[in-house]
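All remarks here apply to the structure that follows.
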Amino acid sequence: MIQRPRGTRDFGPAEMAKRRKVEQAMRDACARFGFGEVVTPTFEHSELFTLRSGQGIIDEMYVFKDKGDREMALRPEITAAVIRFYVNEMSTMPKPLKLYYLGNCFRYENPQSGRYREFFQIGAELIGTKTPETDAEIIALAVNCIRSAGLENFVVRIGHIGILKSLVKDQIKDEATAAEILRMLDKEDFDAMGDVFDAKALPRGLFDKIVSIADIKGGIDELNNLEDSDATRHLREVFDVLKLYGIEECQVDLGIVRGLDYYSGMVFEVDAPRLGAEKQILGGGSYTLSELFGGEPVFSTGFAIGIDRVVLAVEAEGPIKTPAPLDAYVIPAKDDMRKYAFGIVARLRSQGLKADVDIMRRNLSKNLKYAASVGASYAIIVGNEEMAKRSVTLRDMKTGKQQVVLVDEVGSAIIGSSK
RNA sequence: GCCGGGGUGGGGUAGUGGUAUCCUUGGGGACUGUGGAUCCCUUGACCCGGGUUCAAUUCCCGGUCCCGGCCCCA
């Protein structure tokens with residue numbers, strides 16, 4: 001027997017119904033915000049991703065040589081591809097350009113709860129603008145996606161990378177040390193950071209200042225403890241617009257750093273506290289990536305949501321309700337009724353109902369059992385007595401109640417009952 | 001890459017140094033229109049490799065996969 005590769009999953013019909021419901025809710029949210037869908041290749045030149053994220057990620061990607069000896073990689077994320085697409089073919093489109101995507105991504109990591117080697121992301125990129133309104137729009141969309149997906153318990157943390165980044169870069173001249181300190185900040189590893197300060201004989205006062213800024217978490221008023229700067233003014237405006245959008249559950253968290261260089265402004269993350277170790281369901285921020293891929297510098301803001309984790313988090317709050325897989329299952333009461341059954345199921349299908357019919361020539365009892373076990377809402381029993389009056393028996397599989405209905409009216413009777 | 005816990009039919013289980021229990025599910029039949037019942041028949045399993053042994057599903061080692069955690073997290 002051939003096993004499924006480590007860290008991958010098969011999704012059956014019941015699970016896909018739930019996943020599609022969550023996905024569709026988030027797609028609809030993107031459409032409501034005026035974002036258009038794009039699809040990019042599942043694999044790209046691996047350079048696209050190393051340009052974005054550094055050589056180090058090679059170890060965590062599925063990289064391979066194709067038959068033309070080109071080095072390719074299964075995409076570990078989709079933002080880079082969208083920006084490549086933009087630089088290649090969409091750079092003259094009207095701004096702001098609003099794009100969203102949904103697709104599978106691959107990372108060679110050790111699987112654990114909420115972490116797989118093949119996983120699914122939905123994300124959005126808002127290209128060509130850097131106003132606070134832009135950041136607010138992206139955050140509003142992110143929150144809308146998550147709410148639409150049905151998640152109630154989540155925490156939105158918004159920061160501004162410029163505050164700490166400019167402080168660290170201004171005060172620490174050695175670039176490597178500065179980068180190391182930013183990385184430790186992101187992990188909130190202040191002990192290790194203190195060691196670096198001691199080792200490099202950096203001023204203790206700077207350490208205390210960094211720690212106190214990184215520690216700023218809470219309402220927007222927390223910014224009052226800082227001296228005014230472009231970054232704080234920007235954040236305040238973002239929060240103002242979010243409030244106008246009716247989004248008030250966001251917190252300030254200046255400890256978010258998100259290591260990479262091209263993140264320059266607003267950054268944000270969303271956690272679902274119920275998930276435990278892998279609780280971050282979204283990450284995003286504003287960046288200037290286009291230059292990296294040979295385009296003009298363009299400001300962008302975007303985010304990516306981990307769909308698998310959203311599904312896990314929503315289910316942790318309660319079962320995801322999906323419609324019955326089948327509206328009606330048509331059962332001939334006796335063999336000589338079979339020929340009528342197909343015409344009836346065809347009519348139901350043409351009316352847009354999910355309808356099925358016995359094709360295994362089973363008896364009534366077994367067919368009822370089948371209808372129940374596949375989750376049909378109704379069984380339609382086609383028998384001699386009813387057909388003599390151009391009727392069938394409509395059995396509600398949930399209650400067991402039956403009524404005789406004219407063939408011409410079965411479809412509308414079912415449609416009416418589901419309203 | 002590392003750590004902990006696991007792998008017996010499709011699912012859930014019992015058990016054992018001499019190849020396996022029960023439930024459920026799947027398929028078929030009886031019951032000749034409601035028995036989503038009941039009865040009968042039937043398909044189907046000890047993760048893989050090596051070692052110890054007369055004999056390994058059982059004991060040992062390695063691998064693999066699953067669950068969770070660390071590292072990492074674009």
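Chain labels A, B, ... are given in the sequence in which chains occur in the structure tokens; within each chain residues are numbered consecutively from 1, and ligands are likewise numbered from 1 in the order shown.
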
Quick one: residues within 7 Å of stretch 43-48 of chain B, only C-alpha atoms (C1' of nucleotides), excluding same-chain residues fewer than 6 positions away - as an mmCIF file with N, CA, C and O atoms (P, O5', C5', C4', C3', O3' and C1' of nucleotides), in the first residue's frame?
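Written out: selection_38.cif:
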data_model
loop_
_atom_site.group_PDB
_atom_site.id
_atom_site.type_symbol
_atom_site.label_atom_id
_atom_site.label_comp_id
_atom_site.auth_asym_id
_atom_site.auth_seq_id
_atom_site.Cartn_x
_atom_site.Cartn_y
_atom_site.Cartn_z
ATOM 1 P P G B 7 0.225 1.104 20.466
ATOM 2 O "O5'" G B 7 -0.473 0.934 19.009
ATOM 3 C "C5'" G B 7 -0.177 1.614 18.164
ATOM 4 C "C4'" G B 7 -0.876 1.809 16.901
ATOM 5 C "C3'" G B 7 -0.900 0.598 15.978
ATOM 6 O "O3'" G B 7 -1.895 0.683 14.985
ATOM 7 C "C1'" G B 7 0.732 2.193 15.258
ATOM 8 P P U B 8 -3.371 0.162 15.324
ATOM 9 O "O5'" U B 8 -3.223 -1.427 15.305
ATOM 10 C "C5'" U B 8 -2.567 -2.075 14.231
ATOM 11 C "C4'" U B 8 -3.089 -3.476 14.091
ATOM 12 C "C3'" U B 8 -4.582 -3.587 13.788
ATOM 13 O "O3'" U B 8 -4.851 -3.452 12.407
ATOM 14 C "C1'" U B 8 -4.041 -5.039 15.564
ATOM 15 P P G B 9 -5.630 -2.198 11.877
ATOM 16 O "O5'" G B 9 -6.294 -2.754 10.538
ATOM 17 C "C5'" G B 9 -7.649 -2.500 10.224
ATOM 18 C "C4'" G B 9 -8.107 -3.626 9.320
ATOM 19 C "C3'" G B 9 -9.305 -3.254 8.453
ATOM 20 O "O3'" G B 9 -8.907 -3.303 7.083
ATOM 21 C "C1'" G B 9 -9.555 -5.394 9.472
ATOM 22 P P U B 57 5.610 -11.824 13.058
ATOM 23 O "O5'" U B 57 4.381 -10.931 13.543
ATOM 24 C "C5'" U B 57 4.387 -9.540 13.396
ATOM 25 C "C4'" U B 57 3.633 -8.899 14.531
ATOM 26 C "C3'" U B 57 4.254 -9.108 15.898
ATOM 27 O "O3'" U B 57 5.236 -8.128 16.174
ATOM 28 C "C1'" U B 57 1.925 -9.592 15.969
ATOM 29 P P U B 64 13.026 7.755 9.234
ATOM 30 O "O5'" U B 64 11.579 7.231 8.835
ATOM 31 C "C5'" U B 64 11.292 6.801 7.507
ATOM 32 C "C4'" U B 64 9.913 6.186 7.454
ATOM 33 C "C3'" U B 64 8.790 7.081 7.955
ATOM 34 O "O3'" U B 64 8.327 7.949 6.940
ATOM 35 C "C1'" U B 64 8.602 4.949 8.954
#

_Give me, as a list in words, the residues of stretch 35-131 of chain A that a backbone DSSP run labels alpha helix (DSSP H)._
Ser46, Glu47, Leu48, Phe49, Thr50, Leu51, Arg52, Ser53, Thr79, Ala80, Ala81, Val82, Ile83, Arg84 and Phe85 of chain A

_If the cut-off is 12 Å, can you tell me the residues of chain B near chain A, counting only C-alpha atoms (C1' of nucleotides)? I'd like them as a PyMOL selection string._
chain B and resi 1-2+25-38+47-48+64-74

Please produce a file of those selected residues containing C-alpha atoms (C1' of nucleotides), as a PDB file, in the first residue's frame.
ATOM      1  C1'   G B   1      17.072  18.814  13.490  1.00  0.00           C
ATOM      2  C1'   C B   2      15.442  17.393  18.656  1.00  0.00           C
ATOM      3  C1'   U B  25     -18.894  -0.352   8.630  1.00  0.00           C
ATOM      4  C1'   G B  26     -18.882  -2.283   3.465  1.00  0.00           C
ATOM      5  C1'   G B  27     -21.048  -6.185  -0.137  1.00  0.00           C
ATOM      6  C1'   G B  28     -24.830 -10.111  -0.804  1.00  0.00           C
ATOM      7  C1'   G B  29     -29.375 -12.809   0.576  1.00  0.00           C
ATOM      8  C1'   A B  30     -34.139 -13.679   3.220  1.00  0.00           C
ATOM      9  C1'   C B  31     -38.241 -10.842   4.659  1.00  0.00           C
ATOM     10  C1'   U B  32     -42.808  -9.837  -1.917  1.00  0.00           C
ATOM     11  C1'   G B  33     -44.419  -1.075  -0.108  1.00  0.00           C
ATOM     12  C1'   U B  34     -41.812   1.923   5.136  1.00  0.00           C
ATOM     13  C1'   G B  35     -38.938  -3.452   9.119  1.00  0.00           C
ATOM     14  C1'   G B  36     -33.684   3.642   8.075  1.00  0.00           C
ATOM     15  C1'   A B  37     -35.877  -3.234  11.584  1.00  0.00           C
ATOM     16  C1'   U B  38     -34.520  -8.437  12.299  1.00  0.00           C
ATOM     17  C1'   C B  47       3.331  -0.365  10.170  1.00  0.00           C
ATOM     18  C1'   C B  48       8.243  -1.796   7.647  1.00  0.00           C
ATOM     19  C1'   U B  64       8.602   4.949   8.954  1.00  0.00           C
ATOM     20  C1'   C B  65       3.980   7.165   9.855  1.00  0.00           C
ATOM     21  C1'   C B  66       0.391   9.410  13.384  1.00  0.00           C
ATOM     22  C1'   C B  67      -0.530  12.652  17.827  1.00  0.00           C
ATOM     23  C1'   G B  68       1.606  16.455  20.802  1.00  0.00           C
ATOM     24  C1'   G B  69       5.787  19.697  22.091  1.00  0.00           C
ATOM     25  C1'   C B  70      10.789  22.298  21.128  1.00  0.00           C
ATOM     26  C1'   C B  71      13.537  24.822  17.181  1.00  0.00           C
ATOM     27  C1'   C B  72      11.847  27.500  13.182  1.00  0.00           C
ATOM     28  C1'   C B  73       7.900  30.107  11.252  1.00  0.00           C
ATOM     29  C1'   A B  74       8.644  33.848   4.830  1.00  0.00           C
TER      30        A B  74
END

_Using Å and a single decimal, report how far atom CA of A:Leu97 sits from atom CA of A:Thr134._
10.9 Å

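Atom to atom, atom CA of A:Ala29 and atom CA of A:Lys95 stand 20.2 Å apart.
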
*asked:* Show me, as number ranges by chain, the residues that have an atom within 10 Å of stretch 196-202 of chain A when counting only C-alpha atoms (C1' of nucleotides), minus same-chain residues fewer than 6 positions from it.
replied: A: 171-172, 177, 180-181, 184, 190

Near A:Gly343, within 12 Å and counting only C-alpha atoms (C1' of nucleotides), which residues show up once chain neighbours fewer than 4 positions away are dropped, as a compact mmCIF listing (two decimals) with C-alpha atoms, in the first residue's frame?
# COMPACT_ATOMS: atom_id res chain seq x y z
CA VAL A 330 -35.49 8.51 -5.00
CA PRO A 332 -38.59 2.64 -6.31
CA MET A 337 -41.31 1.31 -10.58
CA ARG A 338 -37.62 1.77 -11.42
CA LYS A 339 -38.30 3.26 -14.82
CA ARG A 347 -36.53 16.62 -12.88
CA LEU A 348 -35.32 17.26 -9.35
CA ARG A 349 -31.78 17.76 -10.59
CA SER A 350 -32.92 20.17 -13.27
CA ALA A 355 -30.91 14.43 -5.91
CA ASP A 356 -29.89 10.81 -6.25
CA VAL A 357 -31.58 7.54 -7.16
CA VAL A 382 -42.11 5.77 -6.02
CA VAL A 407 -44.92 14.37 -9.01
CA ASP A 408 -45.13 17.86 -10.48

*Contacts of A:Asp327 at 10 Å or less, counting only C-alpha atoms (C1' of nucleotides), minus same-chain residues fewer than 5 places along, as a ChimeraX atom specification?*
/A:348-349,352-356,375-379,411,414-415,418

Those selected residues, please, written with C-alpha atoms and delivered as a PDB file, in the first residue's frame.
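Result file selection30.pdb:
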ATOM      1  CA  LEU A 348     -35.318  17.262  -9.353  1.00  0.00           C
ATOM      2  CA  ARG A 349     -31.780  17.757 -10.590  1.00  0.00           C
ATOM      3  CA  GLY A 352     -31.242  22.591  -8.877  1.00  0.00           C
ATOM      4  CA  LEU A 353     -31.793  20.064  -6.118  1.00  0.00           C
ATOM      5  CA  LYS A 354     -29.135  17.633  -5.006  1.00  0.00           C
ATOM      6  CA  ALA A 355     -30.913  14.427  -5.910  1.00  0.00           C
ATOM      7  CA  ASP A 356     -29.895  10.808  -6.247  1.00  0.00           C
ATOM      8  CA  GLY A 375     -27.657  12.101   5.025  1.00  0.00           C
ATOM      9  CA  ALA A 376     -30.463  12.705   2.539  1.00  0.00           C
ATOM     10  CA  SER A 377     -33.059  15.212   3.731  1.00  0.00           C
ATOM     11  CA  TYR A 378     -35.899  13.370   2.008  1.00  0.00           C
ATOM     12  CA  ALA A 379     -36.638   9.979   0.574  1.00  0.00           C
ATOM     13  CA  GLY A 411     -39.410  19.594  -6.212  1.00  0.00           C
ATOM     14  CA  ILE A 414     -38.652  20.227  -1.026  1.00  0.00           C
ATOM     15  CA  ILE A 415     -37.404  23.660  -1.998  1.00  0.00           C
ATOM     16  CA  SER A 418     -35.737  24.216   3.204  1.00  0.00           C
TER      17      SER A 418
END

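Of the residues in stretch 154-293 of chain A, those that DSSP places in strand (DSSP E or B) on the basis of the backbone are Val155, Val156, Arg157, Ile158, Gly159, His160, Lys217, Gly218, Cys250, Gln251, Val252, Asp253, Tyr263, Ser264, Gly265, Met266, Val267, Phe268, Glu269, Val270, Asp271, Gln280, Ile281, Leu282, Gly283, Gly284, Gly285, Ser286 and Tyr287 of chain A.
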
Can you write just those residues out, C-alpha atoms, as a PDB file, in the first residue's frame?
ATOM      1  CA  VAL A 155      -6.799  38.723  18.995  1.00  0.00           C
ATOM      2  CA  VAL A 156      -5.570  41.315  16.510  1.00  0.00           C
ATOM      3  CA  ARG A 157      -2.209  42.875  17.361  1.00  0.00           C
ATOM      4  CA  ILE A 158      -0.939  45.803  15.342  1.00  0.00           C
ATOM      5  CA  GLY A 159       2.530  47.271  15.499  1.00  0.00           C
ATOM      6  CA  HIS A 160       4.840  49.485  13.567  1.00  0.00           C
ATOM      7  CA  LYS A 217       0.815  46.223  24.332  1.00  0.00           C
ATOM      8  CA  GLY A 218      -2.779  47.268  24.762  1.00  0.00           C
ATOM      9  CA  CYS A 250      -7.441  45.653  17.807  1.00  0.00           C
ATOM     10  CA  GLN A 251      -4.546  46.060  20.185  1.00  0.00           C
ATOM     11  CA  VAL A 252      -1.251  47.818  19.806  1.00  0.00           C
ATOM     12  CA  ASP A 253       1.750  45.515  20.059  1.00  0.00           C
ATOM     13  CA  TYR A 263       8.803  45.127   6.146  1.00  0.00           C
ATOM     14  CA  SER A 264       9.118  48.783   6.944  1.00  0.00           C
ATOM     15  CA  GLY A 265       5.853  50.073   8.335  1.00  0.00           C
ATOM     16  CA  MET A 266       2.721  48.644   9.887  1.00  0.00           C
ATOM     17  CA  VAL A 267       2.809  44.964  10.818  1.00  0.00           C
ATOM     18  CA  PHE A 268       0.032  42.878  12.302  1.00  0.00           C
ATOM     19  CA  GLU A 269      -0.778  39.401  13.474  1.00  0.00           C
ATOM     20  CA  VAL A 270      -3.900  37.540  14.528  1.00  0.00           C
ATOM     21  CA  ASP A 271      -3.981  34.737  17.089  1.00  0.00           C
ATOM     22  CA  GLN A 280      -1.087  32.396  14.923  1.00  0.00           C
ATOM     23  CA  ILE A 281      -3.616  32.308  12.111  1.00  0.00           C
ATOM     24  CA  LEU A 282      -2.567  35.395  10.198  1.00  0.00           C
ATOM     25  CA  GLY A 283       0.439  37.584   9.554  1.00  0.00           C
ATOM     26  CA  GLY A 284       0.789  40.699   7.480  1.00  0.00           C
ATOM     27  CA  GLY A 285       2.090  44.179   7.072  1.00  0.00           C
ATOM     28  CA  SER A 286       3.297  46.777   4.627  1.00  0.00           C
ATOM     29  CA  TYR A 287       6.376  46.254   2.514  1.00  0.00           C
TER      30      TYR A 287
END
